file protein.txt (compact mmCIF, C-alpha atoms and all ligand atoms)
# COMPACT_ATOMS: atom_id res chain seq x y z
CA MET A 23 167.29 40.04 -137.73
CA LYS A 24 165.57 37.17 -135.95
CA ALA A 25 162.04 36.57 -134.68
CA LEU A 26 160.89 33.97 -132.20
CA LEU A 27 157.30 33.19 -133.20
CA VAL A 28 155.12 31.81 -130.43
CA ALA A 29 152.48 29.42 -131.77
CA GLU A 30 149.60 28.19 -129.66
CA CYS A 31 147.65 25.03 -129.16
CA ARG A 32 143.91 24.72 -128.49
CA GLN A 33 142.25 21.50 -127.45
CA GLY A 34 145.03 19.33 -128.84
CA ARG A 35 145.38 21.20 -132.14
CA MET A 36 147.69 23.97 -133.27
CA ALA A 37 145.70 27.19 -133.61
CA ASP A 38 144.94 27.91 -137.28
CA SER A 39 146.63 31.28 -136.99
CA PHE A 40 150.25 30.05 -136.94
CA PRO A 41 150.75 30.46 -140.74
CA GLU A 42 149.94 34.16 -140.22
CA LEU A 43 152.96 34.36 -137.92
CA PHE A 44 155.05 33.11 -140.84
CA GLY A 45 153.32 35.67 -143.10
CA PHE A 46 154.23 38.42 -140.65
CA ALA A 47 157.85 37.23 -140.43
CA GLN A 48 158.11 37.21 -144.20
CA SER A 49 156.78 40.78 -144.38
CA LEU A 50 159.36 41.76 -141.79
CA ASN A 51 162.05 39.81 -143.68
CA VAL A 52 163.48 38.12 -140.61
CA GLU A 53 164.91 34.70 -139.87
CA VAL A 54 162.43 32.64 -137.83
CA SER A 55 162.38 30.16 -135.03
CA MET A 56 159.15 29.01 -133.42
CA LEU A 57 158.05 27.99 -129.96
CA LEU A 58 155.15 25.60 -129.47
CA VAL A 59 153.68 24.12 -126.34
CA GLY A 60 151.63 21.53 -128.11
CA SER A 61 151.44 17.98 -129.36
CA ARG A 62 154.14 16.06 -131.22
CA ASP A 63 151.38 14.71 -133.47
CA GLU A 64 151.02 18.11 -135.10
CA LEU A 65 154.12 20.19 -135.70
CA PRO A 66 154.56 23.20 -137.97
CA ALA A 67 156.44 22.63 -141.23
CA PHE A 68 159.33 25.04 -141.73
CA ASP A 69 163.11 24.97 -141.88
CA GLY A 70 164.35 26.38 -138.61
CA THR A 71 164.47 25.70 -134.89
CA LEU A 72 161.29 24.63 -133.15
CA TYR A 73 161.42 25.06 -129.39
CA PHE A 74 158.97 22.45 -128.22
CA ALA A 75 157.33 21.53 -124.95
CA ASP A 76 154.58 18.97 -124.53
CA ALA A 77 151.17 20.44 -123.72
CA GLY A 78 150.42 17.17 -121.89
CA GLU A 79 153.05 18.22 -119.35
CA TYR A 80 152.85 22.03 -119.42
CA GLY A 81 149.16 22.45 -120.23
CA GLU A 82 147.75 24.31 -123.22
CA TYR A 83 148.02 27.39 -121.07
CA SER A 84 149.67 28.19 -117.80
CA PRO A 85 150.86 31.79 -117.55
CA ASP A 86 153.89 31.20 -115.36
CA LEU A 87 155.05 27.97 -116.96
CA HIS A 88 154.57 29.17 -120.52
CA LYS A 89 156.30 32.44 -119.72
CA ARG A 90 159.25 30.47 -118.34
CA LEU A 91 159.40 28.40 -121.56
CA VAL A 92 159.37 31.54 -123.73
CA LEU A 93 162.10 33.12 -121.61
CA ASP A 94 164.25 29.98 -121.90
CA ALA A 95 163.86 29.94 -125.70
CA PHE A 96 164.61 33.68 -125.75
CA GLU A 97 167.83 33.13 -123.84
CA VAL A 98 169.08 30.57 -126.35
CA GLU A 99 167.76 32.24 -129.50
CA GLN A 100 168.43 35.91 -128.64
CA PRO A 101 165.80 37.11 -131.14
CA ASP A 102 165.16 40.74 -132.04
CA PHE A 103 161.41 40.16 -131.79
CA VAL A 104 159.21 37.79 -129.82
CA VAL A 105 155.94 37.55 -131.71
CA PHE A 106 152.55 36.33 -130.53
CA MET A 107 149.17 36.37 -132.25
CA HIS A 108 146.85 38.98 -130.76
CA THR A 109 144.57 36.31 -129.30
CA SER A 110 143.62 35.61 -125.71
CA TYR A 111 146.86 33.58 -125.45
CA GLY A 112 148.99 36.46 -126.74
CA TRP A 113 147.05 39.10 -124.80
CA ASP A 114 147.86 37.35 -121.57
CA LEU A 115 151.35 36.02 -122.22
CA ALA A 116 153.04 38.76 -124.25
CA PRO A 117 152.91 41.46 -121.53
CA ARG A 118 154.23 39.00 -118.95
CA VAL A 119 157.18 38.23 -121.22
CA ALA A 120 157.77 41.89 -122.11
CA ALA A 121 157.64 42.99 -118.47
CA THR A 122 160.05 40.29 -117.33
CA LEU A 123 162.50 41.03 -120.15
CA ARG A 124 161.97 44.79 -119.69
CA LEU A 125 161.32 45.11 -123.40
CA PRO A 126 158.82 47.40 -125.13
CA GLN A 127 155.65 45.74 -126.37
CA ILE A 128 153.69 46.74 -129.45
CA THR A 129 150.18 45.39 -129.39
CA GLY A 130 147.90 44.42 -132.28
CA VAL A 131 150.27 45.02 -135.21
CA THR A 132 148.29 45.36 -138.44
CA GLY A 133 151.06 46.29 -140.87
CA ILE A 134 154.69 47.17 -141.36
CA ASP A 135 155.75 50.60 -142.48
CA ALA A 136 159.20 51.95 -143.33
CA ASP A 137 159.01 53.95 -140.06
CA GLY A 138 157.75 51.19 -137.77
CA PHE A 139 154.79 48.97 -136.97
CA MET A 140 151.21 49.93 -137.80
CA THR A 141 148.53 49.45 -135.17
CA SER A 142 144.98 50.71 -135.11
CA CYS A 143 143.44 52.91 -132.45
CA CYS A 144 140.18 54.70 -131.66
CA ASN A 145 138.24 51.47 -132.31
CA GLY A 146 139.82 51.02 -135.73
CA LYS A 147 139.10 54.57 -136.86
CA MET A 148 142.76 55.61 -136.97
CA ARG A 149 146.06 53.97 -137.76
CA ARG A 150 149.23 54.84 -135.93
CA ILE A 151 152.84 53.97 -136.55
CA VAL A 152 154.86 52.86 -133.58
CA THR A 153 158.60 52.35 -133.27
CA PRO A 154 160.02 50.35 -130.37
CA SER A 155 162.23 52.36 -128.08
CA ALA A 156 164.77 49.52 -127.89
CA SER A 157 166.48 47.32 -130.44
CA ARG A 158 164.32 44.39 -129.33
CA ALA A 159 160.59 44.17 -128.78
CA VAL A 160 157.66 41.92 -127.99
CA LEU A 161 154.88 42.12 -130.57
CA THR A 162 151.35 40.82 -130.91
CA VAL A 163 150.00 40.50 -134.44
CA GLN A 164 146.35 41.19 -135.28
CA PRO A 165 144.63 38.08 -136.74
CA GLY A 166 143.76 38.61 -140.40
CA ALA A 167 146.31 41.37 -140.95
CA PHE A 168 149.02 39.27 -142.61
CA PRO A 169 148.72 36.49 -145.18
CA ALA A 170 148.72 32.90 -143.96
CA LEU A 171 151.92 31.40 -145.32
CA SER A 172 152.74 27.69 -145.66
CA LEU A 173 156.49 27.35 -145.57
CA GLY A 174 157.12 23.60 -145.73
CA GLY A 175 160.26 21.92 -144.44
CA THR A 176 161.27 20.05 -141.33
CA PRO A 177 162.10 21.94 -138.17
CA MET A 178 164.99 21.09 -135.92
CA ILE A 179 163.31 20.33 -132.60
CA ARG A 180 164.84 21.62 -129.38
CA PRO A 181 162.91 20.27 -126.41
CA LEU A 182 162.30 22.73 -123.61
CA THR A 183 161.88 21.86 -119.97
CA ALA A 184 160.98 24.32 -117.28
CA SER A 185 159.50 24.59 -113.86
CA ALA A 186 157.88 27.58 -112.24
CA GLU A 187 155.66 28.33 -109.30
CA THR A 188 152.22 28.79 -110.76
CA SER A 189 150.04 31.47 -109.27
CA VAL A 190 147.21 31.08 -111.80
CA GLU A 191 145.56 27.83 -112.70
CA PHE A 192 144.09 27.31 -116.15
CA ILE A 193 140.72 25.57 -115.86
CA ARG A 194 139.30 25.15 -119.39
CA TYR A 195 138.32 26.92 -122.58
CA GLU A 196 134.68 27.76 -123.09
CA PRO A 197 133.55 28.32 -126.67
CA PRO A 198 131.81 31.68 -127.16
CA SER A 199 128.04 31.57 -127.20
CA THR A 200 126.59 31.68 -130.71
CA ASP A 201 122.97 31.68 -129.49
CA GLY A 202 122.49 28.61 -131.67
CA ILE A 203 123.22 30.65 -134.82
CA ASP A 204 125.68 29.03 -137.20
CA LEU A 205 126.84 31.52 -139.82
CA THR A 206 129.69 29.29 -140.90
CA ARG A 207 127.48 27.24 -143.25
CA ALA A 208 125.55 30.13 -144.82
CA GLU A 209 125.93 30.56 -148.59
CA VAL A 210 124.87 34.21 -148.39
CA ILE A 211 125.30 36.60 -145.47
CA VAL A 212 123.98 40.15 -145.45
CA SER A 213 125.59 42.00 -142.56
CA ALA A 214 124.54 45.16 -140.81
CA GLY A 215 127.11 47.67 -139.62
CA ARG A 216 126.84 50.82 -137.56
CA GLY A 217 125.91 52.63 -140.77
CA VAL A 218 122.38 51.13 -140.57
CA GLY A 219 121.83 53.86 -138.00
CA SER A 220 118.95 52.33 -136.05
CA ARG A 221 117.37 49.09 -134.89
CA GLU A 222 114.48 49.67 -137.29
CA ASN A 223 116.80 49.70 -140.32
CA ILE A 224 117.95 46.17 -139.51
CA ASP A 225 114.73 45.14 -141.30
CA LEU A 226 116.23 46.41 -144.58
CA VAL A 227 119.12 44.01 -144.07
CA ARG A 228 116.76 41.18 -143.05
CA SER A 229 114.64 41.65 -146.16
CA LEU A 230 117.63 41.44 -148.50
CA ALA A 231 119.00 38.39 -146.67
CA ALA A 232 115.58 36.73 -147.02
CA VAL A 233 115.57 37.26 -150.80
CA PHE A 234 118.83 35.33 -151.03
CA GLY A 235 117.69 32.70 -148.52
CA GLY A 236 120.72 33.83 -146.51
CA GLU A 237 121.59 34.76 -142.95
CA VAL A 238 121.86 38.14 -141.26
CA GLY A 239 125.27 39.01 -139.85
CA ALA A 240 126.51 42.02 -137.91
CA SER A 241 129.54 44.05 -137.01
CA ARG A 242 130.36 44.49 -133.37
CA PRO A 243 128.79 47.92 -132.75
CA VAL A 244 125.45 46.55 -133.96
CA VAL A 245 125.71 43.70 -131.48
CA ASP A 246 126.92 46.01 -128.72
CA ALA A 247 123.90 48.24 -129.36
CA GLY A 248 121.67 45.19 -128.88
CA TRP A 249 120.20 45.45 -132.40
CA LEU A 250 121.22 41.85 -133.20
CA GLU A 251 122.26 38.82 -131.15
CA HIS A 252 125.94 38.20 -130.41
CA GLY A 253 125.77 34.95 -132.38
CA ARG A 254 125.48 37.08 -135.52
CA GLN A 255 128.71 38.98 -134.95
CA VAL A 256 131.29 38.44 -137.67
CA GLY A 257 134.94 39.07 -136.95
CA SER A 258 137.86 38.25 -134.75
CA THR A 259 135.67 38.09 -131.65
CA GLY A 260 132.65 36.77 -133.54
CA GLN A 261 132.28 34.06 -136.15
CA SER A 262 134.61 33.46 -139.11
CA VAL A 263 132.47 32.95 -142.17
CA ALA A 264 132.96 31.72 -145.73
CA PRO A 265 129.78 32.46 -147.74
CA ALA A 266 129.75 32.60 -151.53
CA LEU A 267 128.31 36.13 -151.21
CA TYR A 268 128.93 38.56 -148.34
CA VAL A 269 127.05 41.85 -148.37
CA ALA A 270 128.50 44.42 -145.96
CA CYS A 271 125.94 47.17 -145.31
CA GLY A 272 127.29 50.26 -143.56
CA ILE A 273 130.43 48.47 -142.41
CA SER A 274 133.71 50.39 -142.55
CA GLY A 275 136.00 47.36 -142.84
CA ALA A 276 137.97 47.45 -139.57
CA ILE A 277 140.65 44.77 -139.43
CA GLN A 278 138.76 42.90 -136.68
CA HIS A 279 135.72 42.59 -138.95
CA LEU A 280 137.76 41.67 -142.02
CA ALA A 281 139.47 38.88 -140.06
CA GLY A 282 136.09 37.11 -140.03
CA ILE A 283 135.39 37.32 -143.77
CA LYS A 284 138.69 36.13 -145.19
CA GLY A 285 136.96 33.01 -146.51
CA ALA A 286 134.13 34.91 -148.23
CA GLY A 287 133.71 34.58 -152.00
CA PHE A 288 132.23 37.73 -153.55
CA VAL A 289 132.12 40.74 -151.24
CA LEU A 290 129.60 43.47 -152.01
CA ALA A 291 129.88 46.57 -149.82
CA VAL A 292 127.36 49.36 -149.55
CA ASN A 293 128.81 52.50 -148.03
CA THR A 294 128.39 56.24 -148.31
CA ASP A 295 132.14 56.73 -147.93
CA ARG A 296 134.17 55.88 -151.03
CA GLU A 297 137.34 55.88 -148.89
CA ALA A 298 136.03 53.29 -146.40
CA PRO A 299 138.64 50.52 -145.92
CA ILE A 300 136.04 47.88 -146.86
CA GLY A 301 136.61 49.12 -150.43
CA GLU A 302 140.10 47.60 -150.31
CA VAL A 303 138.70 44.08 -149.95
CA ALA A 304 135.28 44.39 -151.63
CA ASP A 305 134.78 43.00 -155.13
CA LEU A 306 132.15 45.68 -155.60
CA LEU A 307 131.73 48.86 -153.58
CA VAL A 308 128.40 50.59 -154.06
CA ILE A 309 128.62 54.20 -152.93
CA ALA A 310 125.11 54.80 -151.71
CA ASP A 311 122.94 55.40 -148.69
CA LEU A 312 121.87 51.92 -147.62
CA ALA A 313 118.44 53.22 -146.62
CA GLU A 314 117.84 53.89 -150.32
CA PHE A 315 119.94 51.18 -151.94
CA LEU A 316 118.87 48.11 -149.94
CA PRO A 317 115.10 48.47 -150.55
CA ALA A 318 115.77 49.22 -154.23
CA LEU A 319 117.93 46.10 -154.60
CA THR A 320 115.44 43.95 -152.67
CA THR A 321 112.60 45.17 -154.87
CA ARG A 322 114.60 44.60 -158.05
CA LEU A 323 115.49 41.03 -157.00
CA THR A 324 111.90 40.16 -156.08
CA SER A 325 110.09 41.80 -158.98
CA PRO A 326 109.33 39.44 -161.83
C1 LIG B 401 139.65 43.53 -129.48
C2 LIG B 401 138.64 43.96 -130.49
C3 LIG B 401 137.88 42.99 -131.10
C4 LIG B 401 136.93 43.36 -132.05
N1 LIG B 401 136.19 42.39 -132.65
C5 LIG B 401 135.33 42.75 -133.62
C6 LIG B 401 134.58 41.75 -134.33
O1 LIG B 401 134.65 40.56 -134.07
N2 LIG B 401 133.74 42.17 -135.30
C7 LIG B 401 133.59 43.50 -135.64
O2 LIG B 401 132.80 43.81 -136.55
N3 LIG B 401 134.28 44.44 -134.96
C8 LIG B 401 135.13 44.10 -133.97
N4 LIG B 401 135.80 45.07 -133.30
C9 LIG B 401 135.43 46.49 -133.55
C10 LIG B 401 136.13 47.04 -134.78
O3 LIG B 401 137.41 47.57 -134.44
C11 LIG B 401 135.31 48.18 -135.40
O4 LIG B 401 135.10 49.17 -134.42
C12 LIG B 401 133.97 47.71 -135.93
O5 LIG B 401 134.13 46.60 -136.79
C13 LIG B 401 133.32 48.87 -136.68
O6 LIG B 401 132.03 48.48 -137.04
P1 LIG B 401 131.27 49.16 -138.24
O7 LIG B 401 132.07 49.01 -139.49
O8 LIG B 401 129.88 48.64 -138.23
O9 LIG B 401 131.17 50.68 -137.77
P2 LIG B 401 131.95 51.95 -138.26
O10 LIG B 401 133.42 51.72 -138.25
O11 LIG B 401 131.43 53.09 -137.46
O12 LIG B 401 131.51 52.13 -139.79
C14 LIG B 401 130.24 52.51 -140.19
C15 LIG B 401 130.30 52.64 -141.70
O13 LIG B 401 128.98 52.90 -142.17
C16 LIG B 401 129.08 53.85 -143.23
N5 LIG B 401 127.77 54.52 -143.29
C17 LIG B 401 127.26 55.43 -142.43
N6 LIG B 401 126.00 55.75 -142.80
C18 LIG B 401 125.74 55.03 -143.90
C19 LIG B 401 124.58 54.91 -144.75
N7 LIG B 401 123.47 55.61 -144.50
N8 LIG B 401 124.64 54.08 -145.82
C20 LIG B 401 125.77 53.36 -146.09
N9 LIG B 401 126.89 53.43 -145.32
C21 LIG B 401 126.87 54.24 -144.23
C22 LIG B 401 130.21 54.78 -142.81
O14 LIG B 401 130.75 55.44 -143.94
C23 LIG B 401 131.19 53.77 -142.18
O15 LIG B 401 132.10 53.28 -143.15
C24 LIG B 401 136.74 44.74 -132.37
C25 LIG B 401 137.53 45.69 -131.74
C26 LIG B 401 138.46 45.32 -130.82
C27 LIG B 401 139.30 46.39 -130.17
call {"tool": "encode", "arguments": {"input": "protein.txt", "output": "structure tokens"}}
result
Amino acid sequence: MKALLVAECRQGRMADSFPELFGFAQSLNVEVSMLLVGSRDELPAFDGTLYFADAGEYGEYSPDLHKRLVLDAFEVEQPDFVVFMHTSYGWDLAPRVAATLRLPQITGVTGIDADGFMTSCCNGKMRRIVTPSASRAVLTVQPGAFPALSLGGTPMIRPLTASAETSVEFIRYEPPSTDGIDLTRAEVIVSAGRGVGSRENIDLVRSLAAVFGGEVGASRPVVDAGWLEHGRQVGSTGQSVAPALYVACGISGAIQHLAGIKGAGFVLAVNTDREAPIGEVADLLVIADLAEFLPALTTRLTSP
């Protein structure tokens, strides 16, 4: 079986996620080719065919032009799967490709099961297994779900050229607002999840973070509830962090949150549910009510 992996380029650089596409392909045990609209100064290392178009000519994103390039590579390669990362690039481009090719699309793949592809639903609360209804499919892969794999090697480059009427013009990328908060340099982050239960309980998290001289982070529901600023959100649509110590308080461990803490050193999780998925990545899972455990830990750390 063959997969055409579609890499992406941001502001002159290949997006960091492309090794995860290789990790996914390895899990699927398929032969790979890759497509990149990018710069010749930075090409992926692997042994296989690289369909390449210059971003200087085709732009880092242009829905119609990039779709045309993917379709041209598809025609030559005849892959079983066309695979994008589940990023804004993949969100926009994959359905266009799937619709034109009249192929099924499976969105946000988090794992591979003997029966099909795993995706999450109900805001990460449930996992489902999906099987494409055709022998070929377009897939988007959830960032953080598969290991980043460095393959090494030298690709055989096949230049692509295409033209297409463009109905949508790409203007620019705008970095997400971090409200001036930079969690990426913090040595310790204590993060609040929905399990804190109320705005008032954020103070428990703040107090523990203060003991460590660390920063306060948050999962998305806490930010959505307005209990903490968006700049404190950790995860695939928040910041990616790499502290020596990450304390997850009342956080279940949804894949979108875990994507942001892949670089963390020691992960301590406090959760009432011993089956919470955060337990799969935590170095230490404390099964406790955070309203009791956090003040006790803070007091213990501050008492002489
Ligand atoms: C496109 C997309 C992008 C997303 N991006 C992000 C992102 O960047 N960051 C992010 O975090 N999420 C993101 N999400 C949301 C994500 O899927 C989860 O819904 C979210 O991470 C869940 O947050 P949570 O763990 O705080 O809440 P929940 O999943 O509700 O978990 C709460 C946890 O608290 C525990 N708990 C409850 N009470 C207590 C208590 N008293 N003491 C201790 N533990 C307790 C529960 O057992 C549970 O495990 C995204 C979702 C989508 C669809």
call {"tool": "residues_around", "arguments": {"input": "protein.txt", "residues": "range 116-122 of chain A", "least_positions_apart": "6", "cutoff": "8 Å", "atoms": "only C-alpha atoms", "output": "mmCIF file with C-alpha atoms, in the frame of the given file"}}
result
data_model
loop_
_atom_site.group_PDB
_atom_site.id
_atom_site.type_symbol
_atom_site.label_atom_id
_atom_site.label_comp_id
_atom_site.auth_asym_id
_atom_site.auth_seq_id
_atom_site.Cartn_x
_atom_site.Cartn_y
_atom_site.Cartn_z
ATOM 1 C CA LYS A 89 156.300 32.440 -119.720
ATOM 2 C CA VAL A 92 159.370 31.540 -123.730
ATOM 3 C CA LEU A 93 162.100 33.120 -121.610
ATOM 4 C CA PHE A 106 152.550 36.330 -130.530
ATOM 5 C CA ALA A 159 160.590 44.170 -128.780
ATOM 6 C CA VAL A 160 157.660 41.920 -127.990
ATOM 7 C CA LEU A 161 154.880 42.120 -130.570
ATOM 8 C CA THR A 162 151.350 40.820 -130.910
#
call {"tool": "residues_near_point", "arguments": {"input": "protein.txt", "point": "(152.6, 46.8, -140.8)", "cutoff": "12 Å", "atoms": "only C-alpha atoms", "output": "number ranges by chain"}}
result
A: 45-50, 128-142, 149-153, 161-164, 167-169
call {"tool": "write_last_selection", "arguments": {"input": "protein.txt", "atoms": "C-alpha atoms", "output": "compact mmCIF listing (two decimals), keeping the file's coordinate frame"}}
result
# COMPACT_ATOMS: atom_id res chain seq x y z
CA GLY A 45 153.32 35.67 -143.10
CA PHE A 46 154.23 38.42 -140.65
CA ALA A 47 157.85 37.23 -140.43
CA GLN A 48 158.11 37.21 -144.20
CA SER A 49 156.78 40.78 -144.38
CA LEU A 50 159.36 41.76 -141.79
CA ILE A 128 153.69 46.74 -129.45
CA THR A 129 150.18 45.39 -129.39
CA GLY A 130 147.90 44.42 -132.28
CA VAL A 131 150.27 45.02 -135.21
CA THR A 132 148.29 45.36 -138.44
CA GLY A 133 151.06 46.29 -140.87
CA ILE A 134 154.69 47.17 -141.36
CA ASP A 135 155.75 50.60 -142.48
CA ALA A 136 159.20 51.95 -143.33
CA ASP A 137 159.01 53.95 -140.06
CA GLY A 138 157.75 51.19 -137.77
CA PHE A 139 154.79 48.97 -136.97
CA MET A 140 151.21 49.93 -137.80
CA THR A 141 148.53 49.45 -135.17
CA SER A 142 144.98 50.71 -135.11
CA ARG A 149 146.06 53.97 -137.76
CA ARG A 150 149.23 54.84 -135.93
CA ILE A 151 152.84 53.97 -136.55
CA VAL A 152 154.86 52.86 -133.58
CA THR A 153 158.60 52.35 -133.27
CA LEU A 161 154.88 42.12 -130.57
CA THR A 162 151.35 40.82 -130.91
CA VAL A 163 150.00 40.50 -134.44
CA GLN A 164 146.35 41.19 -135.28
CA ALA A 167 146.31 41.37 -140.95
CA PHE A 168 149.02 39.27 -142.61
CA PRO A 169 148.72 36.49 -145.18
call {"tool": "closest_residue", "arguments": {"input": "protein.txt", "among": "A:Leu250, A:Ala186, A:Ile179, A:Ala170", "to": "Ala281 in chain A", "atoms": "all atoms listed in the file"}}
result
A:Ala170
call {"tool": "atom_distance", "arguments": {"input": "protein.txt", "atom1": "CA of Tyr111 in chain A", "atom2": "CA of Pro177 in chain A"}}
result
23.0 Å
call {"tool": "residues_near_ligand", "arguments": {"input": "protein.txt", "ligand": "ligand LIG 401 (chain B)", "cutoff": "7 Å", "atoms": "all atoms listed in the file", "output": "JSON, numbers by chain"}}
result
{"A": [145, 146, 147, 214, 215, 216, 217, 218, 219, 240, 241, 242, 243, 244, 255, 256, 257, 258, 259, 260, 271, 272, 273, 274, 275, 276, 277, 278, 279, 292, 293, 294, 295, 298, 310, 311, 312, 313]}
call {"tool": "closest_residue", "arguments": {"input": "protein.txt", "among": "A:Ala156, A:Leu280, A:Ala247, A:Ala95", "to": "Val263 in chain A", "atoms": "only C-alpha atoms"}}
result
A:Leu280
call {"tool": "decode", "arguments": {"input": "protein.txt", "residues": "range 108-155 of chain A", "atoms": "C-alpha atoms", "output": "short mmCIF file (atom, residue, chain, number, x, y, z; two decimals), in the first residue's frame"}}
result
data_model
loop_
_atom_site.label_atom_id
_atom_site.label_comp_id
_atom_site.auth_asym_id
_atom_site.auth_seq_id
_atom_site.Cartn_x
_atom_site.Cartn_y
_atom_site.Cartn_z
CA HIS A 108 -4.82 18.07 10.86
CA THR A 109 -3.70 21.70 10.80
CA SER A 110 -5.30 24.73 9.20
CA TYR A 111 -3.56 23.71 5.96
CA GLY A 112 -4.96 20.17 6.09
CA TRP A 113 -8.38 21.30 7.32
CA ASP A 114 -8.78 23.46 4.27
CA LEU A 115 -7.05 21.42 1.59
CA ALA A 116 -7.95 17.81 2.43
CA PRO A 117 -11.73 18.17 1.89
CA ARG A 118 -11.14 19.96 -1.41
CA VAL A 119 -8.96 17.07 -2.57
CA ALA A 120 -11.35 14.41 -1.25
CA ALA A 121 -14.38 16.06 -2.87
CA THR A 122 -12.66 16.41 -6.24
CA LEU A 123 -11.42 12.81 -6.19
CA ARG A 124 -14.78 11.63 -4.78
CA LEU A 125 -12.92 9.77 -2.05
CA PRO A 126 -13.96 9.34 1.57
CA GLN A 127 -12.15 11.52 4.09
CA ILE A 128 -11.32 10.57 7.66
CA THR A 129 -10.55 13.58 9.77
CA GLY A 130 -8.26 13.89 12.80
CA VAL A 131 -6.84 10.35 12.92
CA THR A 132 -5.39 9.64 16.37
CA GLY A 133 -4.52 5.96 16.02
CA ILE A 134 -4.65 2.85 13.89
CA ASP A 135 -6.68 -0.14 14.92
CA ALA A 136 -7.01 -3.57 13.30
CA ASP A 137 -10.54 -2.51 12.25
CA GLY A 138 -9.75 0.95 10.93
CA PHE A 139 -8.65 4.45 11.91
CA MET A 140 -9.23 5.88 15.38
CA THR A 141 -10.59 9.40 15.71
CA SER A 142 -11.93 11.19 18.74
CA CYS A 143 -15.38 12.68 19.11
CA CYS A 144 -17.54 14.44 21.69
CA ASN A 145 -14.70 16.90 22.41
CA GLY A 146 -12.23 14.10 23.04
CA LYS A 147 -14.49 12.23 25.44
CA MET A 148 -14.98 9.23 23.13
CA ARG A 149 -12.93 7.38 20.57
CA ARG A 150 -14.45 5.91 17.46
CA ILE A 151 -13.10 3.58 14.83
CA VAL A 152 -13.77 4.49 11.24
CA THR A 153 -13.24 2.43 8.10
CA PRO A 154 -13.20 4.11 4.70
CA SER A 155 -15.99 3.00 2.42
#
